>>> print(open('run11.txt').read())   # compact mmCIF, C-alpha atoms and all ligand atoms
# COMPACT_ATOMS: atom_id res chain seq x y z
CA MET J 22 0.00 0.00 0.00
CA SER J 23 1.39 3.45 -0.87
CA LEU J 24 2.00 5.74 2.08
CA PRO J 25 -0.10 8.91 2.35
CA GLU J 26 1.79 12.15 1.93
CA ILE J 27 2.54 13.79 5.25
CA PRO J 28 2.64 17.61 4.93
CA GLU J 29 6.05 19.14 5.72
CA ALA J 30 4.36 21.63 8.04
CA LEU J 31 2.88 18.78 10.07
CA ILE J 32 6.27 17.08 10.41
CA HIS J 33 7.63 20.42 11.59
CA ALA J 34 4.76 20.82 14.06
CA VAL J 35 5.47 17.36 15.49
CA THR J 36 9.19 17.91 15.85
CA CYS J 37 8.69 21.33 17.43
CA ALA J 38 5.87 20.41 19.80
CA LYS J 39 6.61 20.32 23.49
CA ARG J 40 3.22 18.85 24.29
CA ILE J 41 1.13 16.64 22.06
CA ALA J 42 -2.33 15.36 22.98
CA ILE J 43 -3.63 12.36 21.06
CA LEU J 44 -7.30 11.37 21.10
CA THR J 45 -8.19 8.00 19.62
CA GLY J 46 -11.47 6.33 18.75
CA ALA J 47 -12.69 3.01 17.46
CA GLY J 48 -11.05 3.56 14.04
CA VAL J 49 -7.61 2.98 15.57
CA SER J 50 -8.59 -0.57 16.47
CA ALA J 51 -10.32 -1.29 13.14
CA GLU J 52 -7.07 -2.66 11.64
CA SER J 53 -6.87 -5.13 14.54
CA GLY J 54 -10.15 -6.58 13.29
CA ILE J 55 -12.38 -4.91 15.88
CA PRO J 56 -15.44 -3.34 14.22
CA THR J 57 -15.92 0.34 15.03
CA PHE J 58 -18.62 1.21 17.53
CA ARG J 59 -21.14 2.07 14.86
CA ASP J 60 -20.25 -0.98 12.72
CA ALA J 61 -20.23 -3.40 15.65
CA LEU J 62 -23.64 -4.91 15.21
CA THR J 63 -23.42 -7.61 12.60
CA GLY J 64 -24.78 -11.14 12.40
CA LEU J 65 -26.84 -12.00 15.44
CA TRP J 66 -26.66 -8.43 16.67
CA GLU J 67 -27.87 -6.74 13.49
CA GLN J 68 -31.32 -6.07 14.91
CA TYR J 69 -29.99 -3.87 17.74
CA ASP J 70 -28.95 -0.23 17.78
CA PRO J 71 -25.55 0.10 19.52
CA ALA J 72 -26.50 3.41 21.09
CA GLU J 73 -29.52 1.70 22.64
CA LEU J 74 -27.57 -1.25 24.05
CA ALA J 75 -25.00 1.04 25.66
CA THR J 76 -27.29 2.50 28.31
CA PRO J 77 -28.12 1.78 31.97
CA GLU J 78 -31.79 1.57 30.94
CA ALA J 79 -31.04 -1.23 28.44
CA PHE J 80 -29.08 -3.11 31.13
CA ALA J 81 -31.99 -2.77 33.59
CA ARG J 82 -34.50 -3.89 30.94
CA GLN J 83 -32.50 -6.66 29.23
CA PRO J 84 -29.42 -7.51 31.33
CA ASP J 85 -29.01 -10.82 29.46
CA VAL J 86 -28.87 -9.22 26.00
CA VAL J 87 -26.64 -6.32 27.04
CA THR J 88 -24.11 -8.44 28.93
CA GLU J 89 -23.98 -11.07 26.20
CA TRP J 90 -23.23 -8.37 23.63
CA TYR J 91 -20.44 -6.92 25.78
CA ASP J 92 -19.07 -10.39 26.50
CA HIS J 93 -19.06 -11.10 22.76
CA ARG J 94 -17.02 -7.91 22.27
CA ARG J 95 -14.75 -8.85 25.20
CA GLN J 96 -13.97 -12.20 23.56
CA MET J 97 -13.25 -10.46 20.27
CA VAL J 98 -10.87 -8.01 21.92
CA LEU J 99 -9.01 -10.77 23.76
CA ASN J 100 -8.48 -12.55 20.44
CA CYS J 101 -7.11 -9.45 18.66
CA GLU J 102 -3.65 -7.92 18.67
CA PRO J 103 -2.53 -4.28 18.61
CA ASN J 104 -1.84 -3.00 15.08
CA ASP J 105 0.61 -0.64 13.35
CA GLY J 106 -1.41 2.39 14.51
CA HIS J 107 -1.15 1.46 18.20
CA ARG J 108 2.56 0.72 17.76
CA ALA J 109 3.21 3.96 15.87
CA ILE J 110 1.69 5.94 18.76
CA VAL J 111 4.18 4.24 21.11
CA ALA J 112 7.05 5.02 18.71
CA LEU J 113 5.94 8.65 18.35
CA THR J 114 5.67 9.01 22.13
CA ASP J 115 9.20 7.65 22.57
CA LEU J 116 10.55 10.04 19.92
CA ILE J 117 8.86 13.06 21.48
CA GLU J 118 9.97 12.11 24.99
CA GLU J 119 13.56 11.50 23.87
CA ASN J 120 13.50 15.04 22.53
CA GLY J 121 12.24 16.53 25.80
CA GLY J 122 8.54 16.75 24.95
CA ALA J 123 5.50 14.97 26.34
CA VAL J 124 2.59 13.06 24.82
CA THR J 125 -0.75 12.50 26.53
CA LEU J 126 -2.82 9.67 25.10
CA ILE J 127 -6.58 9.89 25.53
CA THR J 128 -8.85 7.16 24.22
CA GLN J 129 -12.53 6.46 23.85
CA ASN J 130 -11.67 2.82 23.23
CA VAL J 131 -12.46 0.23 25.85
CA ASP J 132 -10.24 -2.53 24.41
CA ARG J 133 -6.89 -1.90 26.19
CA LEU J 134 -4.99 -2.35 22.90
CA HIS J 135 -2.99 0.85 23.45
CA GLN J 136 -1.65 -0.56 26.71
CA ARG J 137 -0.96 -3.95 25.12
CA ALA J 138 1.05 -2.14 22.40
CA GLY J 139 3.18 -0.46 25.10
CA SER J 140 1.52 2.89 25.85
CA ARG J 141 2.12 3.41 29.53
CA ILE J 142 -0.29 6.16 30.53
CA VAL J 143 -3.69 6.21 28.84
CA TYR J 144 -6.70 8.24 29.87
CA GLU J 145 -9.60 5.87 29.23
CA LEU J 146 -12.60 8.18 28.88
CA HIS J 147 -15.11 5.38 28.39
CA GLY J 148 -13.73 2.81 30.83
CA CYS J 149 -12.60 -0.70 29.97
CA LEU J 150 -14.41 -3.74 28.61
CA LEU J 151 -12.25 -6.15 30.60
CA ASN J 152 -13.16 -4.73 34.01
CA TRP J 153 -16.49 -6.03 35.28
CA ARG J 154 -18.26 -5.02 38.46
CA CYS J 155 -21.37 -5.92 40.36
CA SER J 156 -24.15 -3.42 39.79
CA ASN J 157 -25.34 -4.14 43.33
CA CYS J 158 -22.31 -4.36 45.66
CA GLY J 159 -19.63 -2.90 43.38
CA GLU J 160 -17.27 -5.92 43.62
CA GLN J 161 -14.77 -5.59 40.72
CA ALA J 162 -12.59 -7.99 38.75
CA VAL J 163 -10.54 -8.01 35.55
CA GLU J 164 -11.95 -10.64 33.20
CA ASN J 165 -9.35 -12.09 30.82
CA GLY J 166 -10.88 -15.57 30.55
CA PRO J 167 -13.43 -17.41 28.42
CA ALA J 168 -17.03 -16.36 27.86
CA PHE J 169 -19.28 -16.19 30.91
CA GLU J 170 -21.54 -19.16 31.57
CA THR J 171 -24.70 -17.17 32.17
CA TYR J 172 -26.06 -13.80 31.09
CA PRO J 173 -26.09 -11.65 33.01
CA PRO J 174 -23.10 -12.97 34.96
CA ILE J 175 -23.96 -13.21 38.65
CA CYS J 176 -21.89 -11.75 41.50
CA VAL J 177 -20.68 -14.53 43.81
CA ALA J 178 -20.53 -12.12 46.74
CA CYS J 179 -24.14 -10.87 46.66
CA GLY J 180 -26.03 -12.46 43.74
CA GLY J 181 -26.35 -9.12 41.89
CA HIS J 182 -26.02 -8.65 38.14
CA ARG J 183 -22.48 -7.94 36.96
CA ARG J 184 -21.86 -5.35 34.25
CA PRO J 185 -18.93 -4.24 32.08
CA GLY J 186 -16.85 -1.34 33.42
CA VAL J 187 -17.56 0.84 30.42
CA VAL J 188 -19.22 4.23 30.47
CA TRP J 189 -22.72 4.08 29.06
CA PHE J 190 -24.67 6.93 27.50
CA GLY J 191 -26.04 9.06 30.30
CA GLU J 192 -23.32 8.02 32.79
CA MET J 193 -20.52 10.18 34.15
CA LEU J 194 -17.05 9.84 32.68
CA PRO J 195 -14.28 8.92 35.15
CA SER J 196 -13.38 12.32 36.61
CA ASP J 197 -9.58 11.77 36.70
CA ALA J 198 -9.44 10.70 33.06
CA LEU J 199 -11.65 13.59 31.96
CA ALA J 200 -9.67 16.16 33.95
CA GLY J 201 -6.41 14.81 32.51
CA ALA J 202 -7.81 14.91 28.99
CA VAL J 203 -9.10 18.48 29.33
CA ALA J 204 -5.79 19.70 30.78
CA ALA J 205 -3.85 17.97 27.99
CA ALA J 206 -6.09 19.54 25.32
CA GLU J 207 -5.77 23.01 26.84
CA GLN J 208 -1.99 22.82 27.21
CA CYS J 209 -0.88 21.07 24.02
CA ASP J 210 0.81 22.60 20.97
CA LEU J 211 -0.51 19.87 18.70
CA PHE J 212 -3.74 17.89 19.04
CA MET J 213 -4.18 14.68 17.06
CA SER J 214 -7.67 13.25 16.55
CA ILE J 215 -7.38 9.73 15.20
CA GLY J 216 -10.08 7.28 14.12
CA THR J 217 -13.03 8.92 15.82
CA SER J 218 -16.31 10.07 14.30
CA GLY J 219 -16.33 13.02 16.70
CA LEU J 220 -20.00 12.49 17.48
CA VAL J 221 -19.85 11.72 21.19
CA GLU J 222 -19.31 14.40 23.84
CA PRO J 223 -17.32 15.43 25.74
CA ALA J 224 -14.51 13.74 23.75
CA ALA J 225 -15.67 15.47 20.57
CA SER J 226 -15.03 18.91 22.11
CA LEU J 227 -11.42 18.25 23.09
CA ALA J 228 -10.08 19.19 19.65
CA ARG J 229 -11.99 22.49 19.77
CA LEU J 230 -10.69 23.16 23.26
CA ALA J 231 -7.15 22.65 21.97
CA SER J 232 -7.77 24.81 18.94
CA ALA J 233 -9.21 27.61 21.11
CA ALA J 234 -5.97 27.46 23.13
CA ASN J 235 -4.00 27.97 19.87
CA ALA J 236 -2.93 24.38 19.29
CA GLN J 237 -2.70 23.05 15.77
CA VAL J 238 -5.01 20.14 15.05
CA VAL J 239 -4.47 17.13 12.81
CA GLU J 240 -7.16 14.59 12.02
CA ILE J 241 -6.50 11.09 10.70
CA ASN J 242 -9.61 9.36 9.40
CA PRO J 243 -10.44 7.83 6.00
CA GLU J 244 -13.90 9.45 6.19
CA PRO J 245 -14.80 13.10 6.75
CA THR J 246 -16.09 14.08 10.19
CA PRO J 247 -17.41 17.31 11.73
CA LEU J 248 -13.77 18.14 12.61
CA THR J 249 -12.36 17.73 9.10
CA ARG J 250 -12.99 21.30 7.94
CA GLU J 251 -11.77 22.84 11.17
CA ALA J 252 -8.54 20.84 11.49
CA THR J 253 -5.22 22.38 10.47
CA TRP J 254 -4.45 19.18 8.56
CA SER J 255 -6.68 16.30 7.65
CA ILE J 256 -5.18 13.04 6.47
CA ALA J 257 -7.71 10.79 4.74
CA ALA J 258 -6.11 7.43 5.44
CA SER J 259 -6.30 4.59 7.90
CA ALA J 260 -4.63 5.12 11.27
CA GLY J 261 -2.04 2.35 10.87
CA VAL J 262 -0.87 3.58 7.48
CA ALA J 263 -0.92 7.31 8.26
CA LEU J 264 0.72 7.04 11.70
CA SER J 265 3.45 4.73 10.39
CA ALA J 266 4.12 7.24 7.61
CA LEU J 267 4.20 10.10 10.11
CA VAL J 268 6.69 8.33 12.38
CA GLU J 269 8.82 7.44 9.38
CA ALA J 270 8.74 11.04 8.13
CA VAL J 271 9.63 12.46 11.55
CA ARG J 272 12.53 9.99 11.88
CA SER J 273 13.94 10.57 8.42
CA ASP J 274 13.32 14.30 8.19
CA GLY J 275 15.93 15.04 10.82
CA TRP J 276 14.68 15.94 14.27
CA ALA J 277 14.96 19.54 15.42
CA SER J 278 17.68 19.74 18.04
CA PRO J 279 16.51 20.57 21.60
CA GLY J 280 18.02 24.07 21.24
CA GLU J 281 16.08 24.65 18.07
CA VAL J 282 12.88 23.44 19.73
CA ASP J 283 13.33 26.00 22.51
CA LYS J 284 13.84 28.78 19.98
CA LEU J 285 10.83 27.77 17.89
CA THR J 286 8.38 27.35 20.75
CA GLY J 287 9.60 30.20 22.90
P1 LIG P 301 -17.27 5.42 15.79
O1 LIG P 301 -17.65 4.00 15.48
O2 LIG P 301 -18.35 6.42 15.99
O3 LIG P 301 -16.34 6.01 14.63
C1 LIG P 301 -15.22 5.35 14.17
C2 LIG P 301 -14.48 6.27 13.23
O4 LIG P 301 -13.31 5.58 12.81
C3 LIG P 301 -15.25 6.65 11.97
O5 LIG P 301 -15.17 8.07 11.79
C4 LIG P 301 -14.50 5.92 10.85
O6 LIG P 301 -14.48 6.66 9.62
C5 LIG P 301 -13.11 5.83 11.43
N1 LIG P 301 -12.31 4.72 10.93
C6 LIG P 301 -12.71 3.52 10.47
N2 LIG P 301 -11.66 2.76 10.14
C7 LIG P 301 -10.55 3.50 10.39
C8 LIG P 301 -9.15 3.28 10.27
N3 LIG P 301 -8.67 2.14 9.81
N4 LIG P 301 -8.32 4.28 10.64
C9 LIG P 301 -8.79 5.46 11.12
N5 LIG P 301 -10.09 5.72 11.24
C10 LIG P 301 -10.97 4.76 10.89
O7 LIG P 301 -16.29 5.34 17.03
P2 LIG P 301 -15.84 6.48 18.05
O8 LIG P 301 -15.72 7.80 17.40
O9 LIG P 301 -14.68 5.93 18.79
O10 LIG P 301 -19.04 5.47 23.45
O11 LIG P 301 -17.08 6.49 19.00
C11 LIG P 301 -16.99 7.21 20.16
C12 LIG P 301 -17.89 6.63 21.15
O12 LIG P 301 -19.17 6.43 20.56
C13 LIG P 301 -17.53 5.23 21.61
O13 LIG P 301 -16.51 5.23 22.58
C14 LIG P 301 -18.82 4.79 22.20
C15 LIG P 301 -19.80 5.35 21.17
O14 LIG P 301 -20.89 5.93 21.69
C16 LIG P 301 -19.74 4.87 24.42
O15 LIG P 301 -20.08 3.71 24.37
C17 LIG P 301 -20.04 5.77 25.58
>>> encode(input="run11.txt", output="structure tokens", more="lines below")
Ligand code: OAD
Amino acid sequence: MSLPEIPEALIHAVTCAKRIAILTGAGVSAESGIPTFRDALTGLWEQYDPAELATPEAFARQPDVVTEWYDHRRQMVLNCEPNDGHRAIVALTDLIEENGGAVTLITQNVDRLHQRAGSRIVYELHGCLLNWRCSNCGEQAVENGPAFETYPPICVACGGHRRPGVVWFGEMLPSDALAGAVAAAEQCDLFMSIGTSGLVEPAASLARLASAANAQVVEINPEPTPLTREATWSIAASAGVALSALVEAVRSDGWASPGEVDKLTG
């Protein structure tokens, strides 16, 4: 596959940035074989609307259906591997850090593939599909094993219904992750929005927050989104291909020396 062209000005922005914030969405995991959130309902699940399954009301009404769907996704995630996009984010982070800068990774994904690729600190805005907790007593456990035997899975401590540790529509985001994400967006020189449709708040507003604080914004997505026209650069390519090309371009273009970075960013 031919590599997308990476604008010189973007390479320059990356090499000069002291702080980069990266927001990822389901598109980053698409090349690992995980369907995006809005494409997730195929086969048996075709009849359901994902936005309607991902609610506390759906869980209260049909705990069997909701937990089986999430367990099906959990099994899929456990059988997938991180892809070039996840790995390129790790490589980019290492490059920036070696040059004295910092990268904050924020994700809407619940699949833990960034961590499995080697990203150390990740703000998970929508929780994690592998953490399950009792909706009654709150007992928590990481679930890395085979499919549950019953739906909903039952809490051994109290007999309550267990649920995935993801954030559903209408629920609060984890306050630490959200605060970290907002601070990163407000303080970055470059904001990268990768593989997200930009339809779900508050994640969708992070790019605008960064832009309002004078950061440059790059979007990587094969399809246009509401952010496309507002971004400084928009790269219409898959995350794995575009991020690999970006890392390659940054490496081969000659990195600005730390002294030069100081001069350029004041
Ligand atoms: P979506 O499923 O809404 O959007 C996925 C985006 O990825 C789309 O814009 C695709 O064009 C793009 N895409 C597909 N393949 C790609 C690839 N190979 N490389 C790059 N981009 C690609 O997923 P999100 O935007 O992540 O929240 O959705 C955000 C939130 O909506 C989810 O976390 C979920 C859902 O509501 C909750 O469940 C609370």
>>> closest_atom_pairs(input="run11.txt", of="chain J", to="ligand LIG 301 (chain P)", cutoff="6 Å", atoms="only C-alpha atoms and all ligand atoms", output="tab-separated table")
residue	atom	partner	partner_atom	distance
J:Gly46	CA	P:LIG301	O9	3.2
J:Ala47	CA	P:LIG301	O9	3.8
J:Gly48	CA	P:LIG301	O4	3.3
J:Val49	CA	P:LIG301	N4	5.1
J:Ala51	CA	P:LIG301	N3	5.1
J:Glu52	CA	P:LIG301	N3	5.4
J:Thr57	CA	P:LIG301	O1	4.1
J:Phe58	CA	P:LIG301	O1	3.6
J:Arg59	CA	P:LIG301	O1	4.0
J:Ala75	CA	P:LIG301	O15	5.7
J:Gln129	CA	P:LIG301	O13	4.4
J:Asn130	CA	P:LIG301	O13	5.4
J:His147	CA	P:LIG301	C17	5.7
J:Val188	CA	P:LIG301	C17	5.2
J:Trp189	CA	P:LIG301	C17	4.7
J:Phe190	CA	P:LIG301	C17	5.1
J:Gly216	CA	P:LIG301	N5	3.3
J:Thr217	CA	P:LIG301	O8	3.3
J:Ser218	CA	P:LIG301	O5	3.4
J:Gly219	CA	P:LIG301	O8	5.3
J:Val221	CA	P:LIG301	O12	5.4
J:Asn242	CA	P:LIG301	N5	4.1
J:Pro243	CA	P:LIG301	O6	5.5
J:Glu244	CA	P:LIG301	O6	4.5
J:Ser259	CA	P:LIG301	N4	3.4
J:Ala260	CA	P:LIG301	N4	3.8
>>> write_last_selection(input="run11.txt", atoms="C-alpha atoms", output="PDB file, keeping the file's coordinate frame")
ATOM      1  CA  GLY J  46     -11.470   6.330  18.750  1.00  0.00           C
ATOM      2  CA  ALA J  47     -12.690   3.010  17.460  1.00  0.00           C
ATOM      3  CA  GLY J  48     -11.050   3.560  14.040  1.00  0.00           C
ATOM      4  CA  VAL J  49      -7.610   2.980  15.570  1.00  0.00           C
ATOM      5  CA  ALA J  51     -10.320  -1.290  13.140  1.00  0.00           C
ATOM      6  CA  GLU J  52      -7.070  -2.660  11.640  1.00  0.00           C
ATOM      7  CA  THR J  57     -15.920   0.340  15.030  1.00  0.00           C
ATOM      8  CA  PHE J  58     -18.620   1.210  17.530  1.00  0.00           C
ATOM      9  CA  ARG J  59     -21.140   2.070  14.860  1.00  0.00           C
ATOM     10  CA  ALA J  75     -25.000   1.040  25.660  1.00  0.00           C
ATOM     11  CA  GLN J 129     -12.530   6.460  23.850  1.00  0.00           C
ATOM     12  CA  ASN J 130     -11.670   2.820  23.230  1.00  0.00           C
ATOM     13  CA  HIS J 147     -15.110   5.380  28.390  1.00  0.00           C
ATOM     14  CA  VAL J 188     -19.220   4.230  30.470  1.00  0.00           C
ATOM     15  CA  TRP J 189     -22.720   4.080  29.060  1.00  0.00           C
ATOM     16  CA  PHE J 190     -24.670   6.930  27.500  1.00  0.00           C
ATOM     17  CA  GLY J 216     -10.080   7.280  14.120  1.00  0.00           C
ATOM     18  CA  THR J 217     -13.030   8.920  15.820  1.00  0.00           C
ATOM     19  CA  SER J 218     -16.310  10.070  14.300  1.00  0.00           C
ATOM     20  CA  GLY J 219     -16.330  13.020  16.700  1.00  0.00           C
ATOM     21  CA  VAL J 221     -19.850  11.720  21.190  1.00  0.00           C
ATOM     22  CA  ASN J 242      -9.610   9.360   9.400  1.00  0.00           C
ATOM     23  CA  PRO J 243     -10.440   7.830   6.000  1.00  0.00           C
ATOM     24  CA  GLU J 244     -13.900   9.450   6.190  1.00  0.00           C
ATOM     25  CA  SER J 259      -6.300   4.590   7.900  1.00  0.00           C
ATOM     26  CA  ALA J 260      -4.630   5.120  11.270  1.00  0.00           C
TER      27      ALA J 260
END
>>> atom_distance(input="run11.txt", atom1="CA of Val98 (chain J)", atom2="CA of Gly159 (chain J)")
23.7 Å
>>> atom_distance(input="run11.txt", atom1="CA of Val163 (chain J)", atom2="CA of Leu151 (chain J)")
5.6 Å
>>> atom_distance(input="run11.txt", atom1="CA of Asp197 (chain J)", atom2="CA of Phe212 (chain J)")
19.6 Å
>>> closest_residue(input="run11.txt", among="J:Ala72, J:Ala81, J:Ile110, J:Leu220", to="Ala266 (chain J)", atoms="only C-alpha atoms")
J:Ile110
>>> closest_residue(input="run11.txt", among="J:Glu160, J:Glu118, J:Glu251, J:Glu222", to="Cys37 (chain J)", atoms="all atoms listed in the file")
J:Glu118
>>> residues_around(input="run11.txt", residues="Ala270 (chain J)", least_positions_apart="3", cutoff="12 Å", atoms="all atoms listed in the file", output="PDB file with C-alpha atoms, keeping the file's coordinate frame")
ATOM      1  CA  LEU J  24       2.000   5.740   2.080  1.00  0.00           C
ATOM      2  CA  PRO J  25      -0.100   8.910   2.350  1.00  0.00           C
ATOM      3  CA  GLU J  26       1.790  12.150   1.930  1.00  0.00           C
ATOM      4  CA  ILE J  27       2.540  13.790   5.250  1.00  0.00           C
ATOM      5  CA  PRO J  28       2.640  17.610   4.930  1.00  0.00           C
ATOM      6  CA  GLU J  29       6.050  19.140   5.720  1.00  0.00           C
ATOM      7  CA  ALA J  30       4.360  21.630   8.040  1.00  0.00           C
ATOM      8  CA  LEU J  31       2.880  18.780  10.070  1.00  0.00           C
ATOM      9  CA  ILE J  32       6.270  17.080  10.410  1.00  0.00           C
ATOM     10  CA  HIS J  33       7.630  20.420  11.590  1.00  0.00           C
ATOM     11  CA  VAL J  35       5.470  17.360  15.490  1.00  0.00           C
ATOM     12  CA  THR J  36       9.190  17.910  15.850  1.00  0.00           C
ATOM     13  CA  ALA J 109       3.210   3.960  15.870  1.00  0.00           C
ATOM     14  CA  LEU J 113       5.940   8.650  18.350  1.00  0.00           C
ATOM     15  CA  LEU J 116      10.550  10.040  19.920  1.00  0.00           C
ATOM     16  CA  ALA J 263      -0.920   7.310   8.260  1.00  0.00           C
ATOM     17  CA  LEU J 264       0.720   7.040  11.700  1.00  0.00           C
ATOM     18  CA  SER J 265       3.450   4.730  10.390  1.00  0.00           C
ATOM     19  CA  ALA J 266       4.120   7.240   7.610  1.00  0.00           C
ATOM     20  CA  LEU J 267       4.200  10.100  10.110  1.00  0.00           C
ATOM     21  CA  SER J 273      13.940  10.570   8.420  1.00  0.00           C
ATOM     22  CA  ASP J 274      13.320  14.300   8.190  1.00  0.00           C
ATOM     23  CA  GLY J 275      15.930  15.040  10.820  1.00  0.00           C
ATOM     24  CA  TRP J 276      14.680  15.940  14.270  1.00  0.00           C
TER      25      TRP J 276
END
>>> residues_around(input="run11.txt", residues="Thr88 (chain J)", least_positions_apart="4", cutoff="7 Å", atoms="only C-alpha atoms", output="ChimeraX atom specification")
/J:84,92,172-173,184
>>> residues_near_point(input="run11.txt", point="(-7.0, -1.3, 25.6)", cutoff="10 Å", atoms="only C-alpha atoms", output="NGL selection string")
:J and (50 or 98-99 or 103 or 107 or 128-138 or 140 or 143 or 145 or 148-151)
>>> closest_residue(input="run11.txt", among="J:Ser53, J:Asn104, J:Gln208, J:Gln96", to="Lys39 (chain J)", atoms="only C-alpha atoms")
J:Gln208
>>> closest_residue(input="run11.txt", among="J:Ser226, J:Gln83, J:Thr45, J:Cys209", to="Val124 (chain J)", atoms="all atoms listed in the file")
J:Cys209
>>> closest_residue(input="run11.txt", among="J:Ala42, J:Val268, J:Leu199, J:Cys179", to="Ser232 (chain J)", atoms="all atoms listed in the file")
J:Ala42
>>> residues_around(input="run11.txt", residues="Val239 (chain J)", least_positions_apart="5", cutoff="6 Å", atoms="only C-alpha atoms", output="PyMOL selection string")
chain J and resi 213+252-255
>>> write_last_selection(input="run11.txt", atoms="C-alpha atoms", output="compact mmCIF listing (two decimals), in the frame of the given file")
# COMPACT_ATOMS: atom_id res chain seq x y z
CA MET J 213 -4.18 14.68 17.06
CA ALA J 252 -8.54 20.84 11.49
CA THR J 253 -5.22 22.38 10.47
CA TRP J 254 -4.45 19.18 8.56
CA SER J 255 -6.68 16.30 7.65
>>> axis_aligned_box(input="run11.txt", around="region 237-241 of chain J", padding_each_side="4 Å", output="lines of an AutoDock Vina configuration file")
center_x = -4.9
center_y = 17.1
center_z = 13.2
size_x = 12.5
size_y = 20.0
size_z = 13.1
>>> closest_residue(input="run11.txt", among="J:Gly139, J:Glu89, J:Ala198, J:Pro185", to="Thr171 (chain J)", atoms="only C-alpha atoms")
J:Glu89
